[in-house]
file entry28.txt (compact mmCIF, C-alpha atoms)
# COMPACT_ATOMS: atom_id res chain seq x y z
CA MET A 1 82.38 127.76 98.34
CA LEU A 2 79.88 127.52 101.20
CA GLN A 3 78.96 131.05 102.17
CA SER A 4 78.47 130.20 105.82
CA ALA A 5 80.99 127.40 106.16
CA ILE A 6 83.72 127.52 108.74
CA ARG A 7 86.79 126.31 106.90
CA VAL A 8 88.99 123.92 108.83
CA GLN A 9 92.49 124.82 107.73
CA PRO A 10 95.70 123.05 108.69
CA ILE A 11 97.84 124.86 111.22
CA PRO A 12 100.22 126.76 108.93
CA PHE A 13 103.96 126.64 109.12
CA LYS A 14 105.97 129.29 107.34
CA PRO A 15 109.34 127.71 106.47
CA SER A 16 109.61 126.10 103.04
CA LEU A 17 109.56 122.33 102.86
CA VAL A 18 113.01 120.78 102.63
CA ARG A 19 112.87 117.90 100.15
CA MET A 20 115.25 114.96 100.04
CA ASN A 21 114.76 112.39 97.25
CA GLY A 22 111.10 113.34 96.92
CA GLN A 23 110.43 113.29 100.65
CA SER A 24 110.57 115.99 103.27
CA ALA A 25 113.46 116.08 105.70
CA ALA A 26 113.15 115.88 109.47
CA THR A 27 113.50 119.32 111.01
CA ARG A 28 113.66 120.92 114.44
CA SER A 29 110.96 123.25 115.69
CA SER A 30 110.77 125.54 118.68
CA VAL A 31 107.08 124.76 119.27
CA ALA A 32 106.59 123.03 122.61
CA CYS A 33 103.67 120.87 123.73
CA SER A 34 102.82 123.45 126.39
CA THR A 35 102.24 126.13 123.73
CA CYS A 36 100.72 123.95 120.99
CA CYS A 37 97.05 124.62 120.21
CA LEU A 38 96.47 120.83 120.05
CA GLN A 39 97.86 120.17 123.52
CA GLY A 40 94.36 119.65 124.90
CA VAL A 41 93.56 116.76 122.55
CA CYS A 42 96.97 115.20 121.90
CA LEU A 43 98.86 112.53 123.87
CA PRO A 44 100.11 114.80 126.70
CA CYS A 45 96.66 116.34 127.30
CA ASP A 46 96.52 115.23 130.96
CA LEU A 47 100.05 116.35 131.84
CA ALA A 48 100.95 119.52 133.68
CA GLY A 49 103.93 121.26 135.21
CA GLY A 50 107.09 119.19 135.40
CA ASP A 51 105.54 116.18 133.65
CA LEU A 52 104.65 118.29 130.61
CA GLU A 53 108.19 119.68 130.53
CA ARG A 54 109.57 116.12 130.62
CA PHE A 55 107.33 115.18 127.71
CA ASP A 56 108.58 118.22 125.80
CA GLN A 57 112.09 116.84 126.13
CA ILE A 58 111.23 113.57 124.38
CA ALA A 59 109.06 115.13 121.65
CA THR A 60 111.46 117.80 120.44
CA GLN A 61 111.74 116.67 116.82
CA LYS A 62 109.20 117.91 114.30
CA ARG A 63 108.99 116.52 110.80
CA ARG A 64 107.39 118.07 107.75
CA VAL A 65 106.05 115.77 105.08
CA ALA A 66 105.07 117.00 101.63
CA ARG A 67 101.75 116.00 100.10
CA GLY A 68 101.96 112.50 98.61
CA SER A 69 105.17 111.64 100.46
CA ALA A 70 105.46 108.86 103.03
CA LEU A 71 106.21 109.48 106.69
CA TYR A 72 107.13 105.79 106.91
CA ARG A 73 106.56 102.71 104.78
CA SER A 74 105.46 99.15 105.40
CA GLY A 75 108.40 97.14 106.68
CA ASP A 76 110.24 100.09 108.22
CA ALA A 77 111.53 99.49 111.74
CA PHE A 78 109.31 100.92 114.46
CA GLU A 79 111.11 103.56 116.50
CA ALA A 80 108.58 106.30 117.24
CA LEU A 81 104.96 107.31 117.35
CA TYR A 82 103.97 110.42 115.39
CA ALA A 83 101.43 113.01 116.53
CA VAL A 84 99.86 114.86 113.61
CA ARG A 85 100.35 118.58 114.21
CA SER A 86 98.97 119.92 110.94
CA GLY A 87 97.61 118.47 107.71
CA GLY A 88 96.50 114.85 107.55
CA PHE A 89 97.59 111.33 106.60
CA LYS A 90 96.18 108.12 105.22
CA SER A 91 97.29 104.62 106.20
CA VAL A 92 97.71 102.46 103.11
CA GLY A 93 98.18 98.71 102.96
CA VAL A 94 99.59 97.10 99.82
CA SER A 95 98.72 93.54 98.80
CA GLN A 96 101.15 91.11 97.19
CA ASN A 97 99.80 91.96 93.75
CA GLY A 98 100.25 95.67 94.35
CA ASP A 99 96.65 96.67 95.15
CA GLU A 100 96.40 99.51 97.66
CA LYS A 101 93.81 99.63 100.44
CA ILE A 102 93.31 102.69 102.65
CA THR A 103 92.77 101.54 106.23
CA GLY A 104 92.45 104.88 107.99
CA PHE A 105 92.67 108.67 107.92
CA HIS A 106 94.53 110.63 110.59
CA LEU A 107 93.75 114.21 111.60
CA PRO A 108 95.64 116.74 113.77
CA GLY A 109 96.04 115.60 117.36
CA GLU A 110 95.90 111.90 116.40
CA LEU A 111 98.74 109.36 116.55
CA LEU A 112 100.35 107.38 113.75
CA GLY A 113 102.30 104.14 114.16
CA LEU A 114 100.32 102.40 116.90
CA GLU A 115 99.95 99.25 114.81
CA ALA A 116 103.73 98.71 114.88
CA ILE A 117 104.16 98.56 118.67
CA SER A 118 103.80 94.77 118.86
CA PRO A 119 105.52 93.55 115.65
CA GLY A 120 108.28 96.15 115.81
CA ARG A 121 107.77 97.09 112.15
CA HIS A 122 105.24 99.24 110.40
CA GLY A 123 102.54 97.32 108.55
CA TYR A 124 101.28 100.22 106.44
CA ASN A 125 102.48 103.22 104.48
CA ALA A 126 101.63 106.56 106.12
CA VAL A 127 101.13 109.03 103.26
CA ALA A 128 100.46 112.77 103.65
CA LEU A 129 97.10 113.94 102.25
CA GLU A 130 98.49 117.48 102.10
CA ASP A 131 101.62 119.29 103.26
CA SER A 132 101.72 118.16 106.88
CA GLU A 133 103.77 118.26 110.06
CA VAL A 134 104.19 115.67 112.81
CA CYS A 135 105.84 115.54 116.22
CA SER A 136 108.12 112.51 116.56
CA ILE A 137 107.84 110.72 119.92
CA PRO A 138 110.57 108.06 120.40
CA PHE A 139 108.73 105.06 121.78
CA ALA A 140 111.48 103.81 124.12
CA ALA A 141 111.53 107.18 125.91
CA LEU A 142 107.73 107.36 125.91
CA GLU A 143 107.48 103.89 127.44
CA ARG A 144 109.90 104.79 130.23
CA MET A 145 108.02 107.97 131.03
CA ALA A 146 104.63 106.22 130.93
CA LEU A 147 105.83 103.77 133.60
CA ALA A 148 106.70 106.71 135.85
CA VAL A 149 103.68 108.93 135.08
CA PRO A 150 100.31 107.14 135.51
CA SER A 151 98.33 109.88 133.74
CA LEU A 152 100.46 109.49 130.61
CA GLN A 153 100.14 105.71 130.73
CA HIS A 154 96.37 106.06 131.06
CA GLN A 155 96.16 108.44 128.10
CA LEU A 156 98.33 106.14 125.95
CA LEU A 157 96.02 103.22 126.71
CA ARG A 158 93.00 105.39 125.83
CA VAL A 159 94.56 106.29 122.50
CA ILE A 160 95.32 102.64 121.71
CA SER A 161 91.76 101.70 122.67
CA GLY A 162 90.41 104.40 120.37
CA ASP A 163 92.51 103.07 117.51
CA ILE A 164 91.10 99.57 118.06
CA SER A 165 87.57 101.02 118.11
CA ARG A 166 88.14 102.72 114.74
CA ASP A 167 89.31 99.41 113.28
CA HIS A 168 86.14 97.79 114.60
CA GLY A 169 84.13 100.60 113.04
CA LEU A 170 85.77 99.94 109.68
CA MET A 171 84.75 96.28 109.89
CA LEU A 172 81.16 97.40 110.44
CA LEU A 173 81.36 99.82 107.51
CA LEU A 174 82.60 97.10 105.18
CA GLY A 175 80.16 94.52 106.49
CA ARG A 176 76.43 94.60 105.90
CA MET A 177 76.03 98.36 105.47
CA THR A 178 74.72 99.77 102.24
CA ALA A 179 76.71 102.40 100.32
CA GLU A 180 74.44 105.09 101.76
CA GLN A 181 74.99 103.86 105.32
CA ARG A 182 78.76 103.65 104.85
CA LEU A 183 79.05 107.21 103.59
CA ALA A 184 76.68 108.56 106.25
CA ALA A 185 78.68 106.83 109.00
CA PHE A 186 81.93 108.20 107.53
CA LEU A 187 80.63 111.78 107.51
CA LEU A 188 79.33 111.46 111.07
CA SER A 189 82.68 110.08 112.21
CA LEU A 190 84.52 113.02 110.66
CA SER A 191 82.04 115.36 112.32
CA ARG A 192 82.78 113.94 115.77
CA ARG A 193 86.54 114.07 115.19
CA TYR A 194 86.48 117.70 114.04
CA GLU A 195 84.27 118.62 117.00
CA ARG A 196 86.85 117.04 119.31
CA LEU A 197 89.45 119.38 117.79
CA GLY A 198 87.29 122.37 118.67
CA PHE A 199 85.89 123.00 115.19
CA ALA A 200 82.28 123.12 114.05
CA ALA A 201 80.74 119.65 113.97
CA SER A 202 78.45 120.46 111.06
CA ARG A 203 80.91 122.17 108.70
CA PHE A 204 84.32 120.87 107.68
CA VAL A 205 86.68 120.36 104.77
CA LEU A 206 87.42 116.91 103.36
CA ARG A 207 91.19 116.49 103.32
CA MET A 208 90.86 113.32 101.24
CA THR A 209 89.58 112.91 97.68
CA ARG A 210 86.35 111.13 96.81
CA GLU A 211 88.42 108.34 95.29
CA GLU A 212 90.27 107.91 98.60
CA ILE A 213 86.96 107.89 100.49
CA GLY A 214 85.70 105.17 98.16
CA ASN A 215 88.85 103.11 98.62
CA TYR A 216 88.45 103.33 102.41
CA LEU A 217 84.75 102.47 102.36
CA GLY A 218 84.96 99.76 99.72
CA LEU A 219 83.03 101.82 97.17
CA THR A 220 83.76 103.06 93.67
CA LEU A 221 84.40 106.71 92.94
CA GLU A 222 81.16 106.82 90.95
CA THR A 223 79.18 105.43 93.90
CA VAL A 224 80.63 107.98 96.33
CA SER A 225 79.74 110.83 93.96
CA ARG A 226 76.26 109.45 93.33
CA VAL A 227 75.45 109.02 97.04
CA LEU A 228 76.78 112.48 97.93
CA SER A 229 74.58 113.94 95.18
CA ARG A 230 71.58 112.05 96.53
CA PHE A 231 72.28 113.27 100.08
CA GLN A 232 72.42 116.81 98.74
CA ARG A 233 69.15 116.49 96.80
CA GLU A 234 67.45 115.17 99.93
CA GLY A 235 68.75 118.06 102.04
CA LEU A 236 70.97 115.92 104.27
CA VAL A 237 74.23 117.63 103.30
CA HIS A 238 75.50 120.52 101.22
CA VAL A 239 78.72 119.80 99.30
CA GLN A 240 80.81 122.22 97.28
CA GLN A 241 84.05 120.61 96.11
CA ARG A 242 85.69 119.64 99.45
CA ASP A 243 83.53 121.85 101.67
CA VAL A 244 80.86 119.83 103.49
CA GLU A 245 77.96 121.02 105.62
CA LEU A 246 75.80 118.50 107.47
CA LYS A 247 72.29 119.91 107.09
CA ASN A 248 70.46 117.07 108.85
CA ALA A 249 72.76 115.00 111.07
CA THR A 250 69.76 113.38 112.76
CA ALA A 251 68.58 111.92 109.46
CA LEU A 252 72.11 110.66 108.74
CA ARG A 253 72.20 108.93 112.14
CA ASP A 254 68.76 107.41 111.49
CA LEU A 255 70.05 106.14 108.13
CA VAL A 256 73.00 104.38 109.78
CA GLY A 257 70.61 102.87 112.31
CA HIS A 258 72.85 102.04 115.24
CA TRP A 259 75.10 105.11 115.40

call {"tool": "encode", "arguments": {"input": "entry28.txt", "output": "C-alpha cells"}}
result
Amino acid sequence: MLQSAIRVQPIPFKPSLVRMNGQSAATRSSVACSTCCLQGVCLPCDLAGGDLERFDQIATQKRRVARGSALYRSGDAFEALYAVRSGGFKSVGVSQNGDEKITGFHLPGELLGLEAISPGRHGYNAVALEDSEVCSIPFAALERMALAVPSLQHQLLRVISGDISRDHGLMLLLGRMTAEQRLAAFLLSLSRRYERLGFAASRFVLRMTREEIGNYLGLTLETVSRVLSRFQREGLVHVQQRDVELKNATALRDLVGHW
C-alpha cells in the first residue's frame, strides 16, 4: 500500500445486492440529486431550485450492478441514460468471432448509454468493474425537460461532446503512439478525471485490471506490466497493486508530446 496515498473509494451503499439470474435487480433509493455528493459534476450540475426538483422526479430509480454483471448488453433497446453513482464500468464491444474489445471506462459522475441515442439500441455491453450503482434517467423524459430548460440542454450537449472527444482520444492512443505514450496518456487522463471528481490528481486507485488496460490500449498484459515497471524505475510513477501515484506528471506529459 502507498503510505501517503489518498485512496479513492467508491461511494458505499449498505444494503446487500439483490441478484436475479446472476445480475443485480433494479432498486429504489431515497438519495436525491440535490443531496448527492456528485451533483456538482453529474448531468444536473447547472440546475437549481425547481429545475433540480423536476430532474429528481425523472431520475428516481437507482440500480445496483454486481461486479462482472452487465447493466445492459449490445442489442438491448435504448430507453435510458445511466449516471454512475458509485463503482465503475467498462464498455465492451464483441466482434462476430467473439473477440471482446474494451472501448471505454466510466467513473462516478459520468454517463453510460450515449452511443445508443441515435440507433435506438445499445452497441456495447456495459459491465461493472466492481459492485456499482447507477441512477437511471429515462431518455424520453430527459429530452422533454431539456427542451424546456436551456441549462440542462446545454449540459447534455457538453456531455455528448466530451464523449466524442474521448473516442477521438482513443483513436490517437491506438494510432502512432508507442506503448509508453499510450500508457502515459491513459494515466494522465485518469488523473484529470479523478481531479474533476474532487480527488487528488496525483494519487488514485485503478478500478480496472492491467489486462483490461491492455485491451483498451491495444497492448498485451505483459507490455502493460513492463511499461509500468519501467515508469517506476525511472521515478515517473509509484505503483503498488492498484494504487498509483504520479511522481512526475510533467515528464509523462513530455513523453506523450502533445498532451

call {"tool": "closest_residue", "arguments": {"input": "entry28.txt", "among": "A:Ile213, A:Leu152, A:Ala251, A:Gln57", "to": "Lys101 (chain A)", "atoms": "only C-alpha atoms"}}
result
A:Ile213

call {"tool": "closest_residue", "arguments": {"input": "entry28.txt", "among": "A:Leu217, A:Ala140, A:Val244, A:Leu236", "to": "Ser202 (chain A)", "atoms": "only C-alpha atoms"}}
result
A:Val244

call {"tool": "closest_residue", "arguments": {"input": "entry28.txt", "among": "A:Leu43, A:Ala184, A:Cys36, A:Ala141", "to": "Tyr82 (chain A)", "atoms": "all atoms listed in the file"}}
result
A:Leu43

call {"tool": "closest_residue", "arguments": {"input": "entry28.txt", "among": "A:Glu115, A:Pro108, A:Ala48, A:Ala32", "to": "Ser161 (chain A)", "atoms": "all atoms listed in the file"}}
result
A:Glu115

call {"tool": "residues_near_point", "arguments": {"input": "entry28.txt", "point": "(100.0, 96.8, 99.8)", "cutoff": "10 Å", "atoms": "only C-alpha atoms", "output": "VMD selection string"}}
result
chain A and resid 74 92 to 102 123 to 125

call {"tool": "write_last_selection", "arguments": {"input": "entry28.txt", "atoms": "C-alpha atoms", "output": "PDB file, in the coordinates of the input"}}
result
ATOM      1  CA  SER A  74     105.460  99.150 105.400  1.00  0.00           C
ATOM      2  CA  VAL A  92      97.710 102.460 103.110  1.00  0.00           C
ATOM      3  CA  GLY A  93      98.180  98.710 102.960  1.00  0.00           C
ATOM      4  CA  VAL A  94      99.590  97.100  99.820  1.00  0.00           C
ATOM      5  CA  SER A  95      98.720  93.540  98.800  1.00  0.00           C
ATOM      6  CA  GLN A  96     101.150  91.110  97.190  1.00  0.00           C
ATOM      7  CA  ASN A  97      99.800  91.960  93.750  1.00  0.00           C
ATOM      8  CA  GLY A  98     100.250  95.670  94.350  1.00  0.00           C
ATOM      9  CA  ASP A  99      96.650  96.670  95.150  1.00  0.00           C
ATOM     10  CA  GLU A 100      96.400  99.510  97.660  1.00  0.00           C
ATOM     11  CA  LYS A 101      93.810  99.630 100.440  1.00  0.00           C
ATOM     12  CA  ILE A 102      93.310 102.690 102.650  1.00  0.00           C
ATOM     13  CA  GLY A 123     102.540  97.320 108.550  1.00  0.00           C
ATOM     14  CA  TYR A 124     101.280 100.220 106.440  1.00  0.00           C
ATOM     15  CA  ASN A 125     102.480 103.220 104.480  1.00  0.00           C
TER      16      ASN A 125
END

call {"tool": "closest_residue", "arguments": {"input": "entry28.txt", "among": "A:Ile137, A:Ala185, A:Leu221, A:Ala128", "to": "Gly169 (chain A)", "atoms": "only C-alpha atoms"}}
result
A:Ala185

call {"tool": "residues_around", "arguments": {"input": "entry28.txt", "residues": "Cys135 (chain A)", "least_positions_apart": "2", "cutoff": "9 Å", "atoms": "all atoms listed in the file", "output": "JSON, numbers by chain"}}
result
{"A": [59, 60, 61, 62, 63, 64, 81, 82, 83, 84, 85, 133, 137]}

call {"tool": "write_last_selection", "arguments": {"input": "entry28.txt", "atoms": "C-alpha atoms", "output": "compact mmCIF listing (two decimals), in the frame of the given file"}}
result
# COMPACT_ATOMS: atom_id res chain seq x y z
CA ALA A 59 109.06 115.13 121.65
CA THR A 60 111.46 117.80 120.44
CA GLN A 61 111.74 116.67 116.82
CA LYS A 62 109.20 117.91 114.30
CA ARG A 63 108.99 116.52 110.80
CA ARG A 64 107.39 118.07 107.75
CA LEU A 81 104.96 107.31 117.35
CA TYR A 82 103.97 110.42 115.39
CA ALA A 83 101.43 113.01 116.53
CA VAL A 84 99.86 114.86 113.61
CA ARG A 85 100.35 118.58 114.21
CA GLU A 133 103.77 118.26 110.06
CA ILE A 137 107.84 110.72 119.92

call {"tool": "closest_residue", "arguments": {"input": "entry28.txt", "among": "A:Glu222, A:Arg176, A:Thr209, A:Leu188", "to": "Ala249 (chain A)", "atoms": "only C-alpha atoms"}}
result
A:Leu188

call {"tool": "residues_around", "arguments": {"input": "entry28.txt", "residues": "Ile160 (chain A)", "least_positions_apart": "5", "cutoff": "12 Å", "atoms": "only C-alpha atoms", "output": "NGL selection string"}}
result
:A and (43 or 81 or 110-118 or 153-155 or 165-167)

call {"tool": "residues_near_point", "arguments": {"input": "entry28.txt", "point": "(103.8, 107.9, 109.6)", "cutoff": "6 Å", "atoms": "all atoms listed in the file", "output": "ChimeraX atom specification"}}
result
/A:71-72,112,126
